[in-house]
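Worksheet: one structure, shown below.
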Amino acid sequence: MNKETKIYKLYLKLLGKYGAPKDFWKNWCKEKKTTKDREKIAFGAILTQRVSWLNVEKALANLKKENVLSVEGIYCLGKNDINNLEKLLRPSGFYKQKAKKIFQFCNFIIKNHSGLENFLNQDLKICREQLLTLRGIGPETADSILLYAGDKPVFVIDEYTRRFVKKYNITKEFCYDYLQNLFQQNLPRDAKVYQNFHAMIVLDGKGTDWDLVSKFNLQKLI
DNA sequence: ACCCAGGTGGCCC
DNA sequence: GGGCCACATGGG
């Protein structure tokens with residue numbers, strides 16, 4: 001890994017500006033995650049598709065209130081009553097699609113691996129391939145789950161990453177696999193580094209900082 | 001009354 | 001292989 005590249009230098013620059021993640025992001029990047037943490041993060045990754053995080057927060061709160069904020073809980077609820085699951089997910093938008101996606105995800109985890117930890121315990125490449133076979137889980141959602149819920153070393157390419165690439169003129173190429181390889185080749189292969197860098201890319205894109213984020217008190221959800 | 005928000009899959013050419 | 005559209009809600 002070459003430390004003279006633009007990407008690595010930008011990483012150091014952001015690190016100097018923001019330092020270690022705290023509060024909200026610390027939950028996503030924290031050292032020890034429980035199975036419940038991982039489940040919530042995976043659901044968040046699916047529910048946040050094309051909507052703001054604030055809407056996701058409400059849907060997660062609904063699930064928690066009904067005591068189904070777990071792979072097992074959503075599976076049981078969705079199996080008997082997909083309509084009720086849809087109702088709980090309503091605030092996150094696209095709720096009929098998302099109910100299907102999230103139920104399908106839980107169904108897959110339970111039927112094929114009998115639990116999220118077991119699933120994540122496999123080789124990164126296998127996990128990724130399996131996630132991508134699920135309808136409604138594309139590369140970005142799969143990688144978000146793997147990086148933040150699974151602590152696997154995959155770099156997430158999302159709208160923020162693309163804006164970052166444009167802003168700092170890193171390359172003119174924007175296709176997913178190309179950008180992912182570019183980031184991974186120019187950073188130490190370390191999930192913590194990817195998590196922190198990606199978190200800082202989002203902050204940089206929002207023009208905000210850790211303190212402002214923590215004011216929203218989002219960490220209670222994770 | 002708009003427009004946008006951390007996507008995905010299907011369809012078109 | 002890129003361009004466009006449906007999917008649905010909440011906030012500014």
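Labels used: A, B, ... for chains in the order of the structure tokens, numbers from 1 for residues in each chain, and numbers from 1 for ligands as shown.
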Would you write out, as a Markdown table, a table of all residues in chain B that have an atom no more than 8 Å from an atom of chain A, listing for each the closest atom pair and the distance in Å to one decimal, considering only C-alpha atoms (C1' of nucleotides) and ordering rows by chain and rising residue number?
| residue | atom | partner | partner_atom | distance |
| --- | --- | --- | --- | --- |
| B:DA5 | C1' | A:Val51 | CA | 4.5 |
| B:DG6 | C1' | A:Glu159 | CA | 6.1 |
| B:DG7 | C1' | A:Gln49 | CA | 4.8 |
| B:DT8 | C1' | A:Gly136 | CA | 5.4 |
| B:DG9 | C1' | A:Gly136 | CA | 7.5 |
Could the residues in this selection be saved with C-alpha atoms (C1' of nucleotides) as a CSV table (one decimal), in the first residue's frame?
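Output below, filename selection-v7.csv:
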chain,number,residue,atom,x,y,z
B,5,DA,C1',-33.2,12.2,0.7
B,6,DG,C1',-26.7,7.5,2.1
B,7,DG,C1',-30.8,2.6,-3.7
B,8,DT,C1',-32.5,-1.2,-6.5
B,9,DG,C1',-34.4,-3.6,-10.3
### Task
Starting from chain C, keep only residues with some atom at most 7 Å from an atom of chain A, counting only C-alpha atoms (C1' of nucleotides), and report them as a PyMOL selection string.
chain C and resi 7-10
### Query
How many Å lie between CA of Glu129 (chain A) and CA of His198 (chain A), rounded to one decimal?
22.0 Å
### DSSP alpha helix (DSSP H) selection over region 61-214 of chain A, as JSON, numbers by chain
{"A": [61, 62, 63, 64, 65, 71, 72, 73, 74, 75, 76, 77, 78, 79, 80, 82, 83, 84, 85, 86, 87, 88, 89, 95, 96, 97, 98, 99, 100, 101, 102, 103, 104, 105, 106, 107, 108, 109, 110, 111, 112, 113, 116, 117, 118, 119, 120, 124, 125, 126, 127, 128, 129, 130, 131, 132, 133, 139, 140, 141, 142, 143, 144, 159, 160, 161, 162, 163, 164, 165, 166, 167, 176, 177, 178, 179, 180, 181, 182, 183, 184, 185, 191, 192, 193, 194, 195, 196, 197, 198, 199, 200, 201, 202, 203, 204, 205, 206, 210, 211, 212, 213, 214]}
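One finds CA of Phe183 (chain A) at 16.6 Å from CA of Asp204 (chain A).
What separates CA of Ala191 (chain A) from CA of Trp210 (chain A) is a distance of 19.7 Å.
The neighbours of DC11 (chain B) here are the residues that come within 12 Å of it, using only C-alpha atoms (C1' of nucleotides) and leaving out any residue fewer than 4 positions away in the same chain; they are DG3, DC4, DC5 and DA6 of chain C.
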### Task
Find the residues around DG12 (chain C) up to 12 Å (only C-alpha atoms (C1' of nucleotides) counted), leave out those fewer than 5 positions away in its own chain, and share them as a PyMOL selection string.
chain B and resi 2-5
Could you save those same residues with C-alpha atoms (C1' of nucleotides) as a JSON list (two decimals), in the first residue's frame?
[["chain", "number", "residue", "atom", "x", "y", "z"],
["B", 2, "DC", "C1'", -42.98, 21.76, -4.72],
["B", 3, "DC", "C1'", -38.11, 19.12, -4.16],
["B", 4, "DC", "C1'", -35.06, 16.14, -2.09],
["B", 5, "DA", "C1'", -33.24, 12.23, 0.70]]
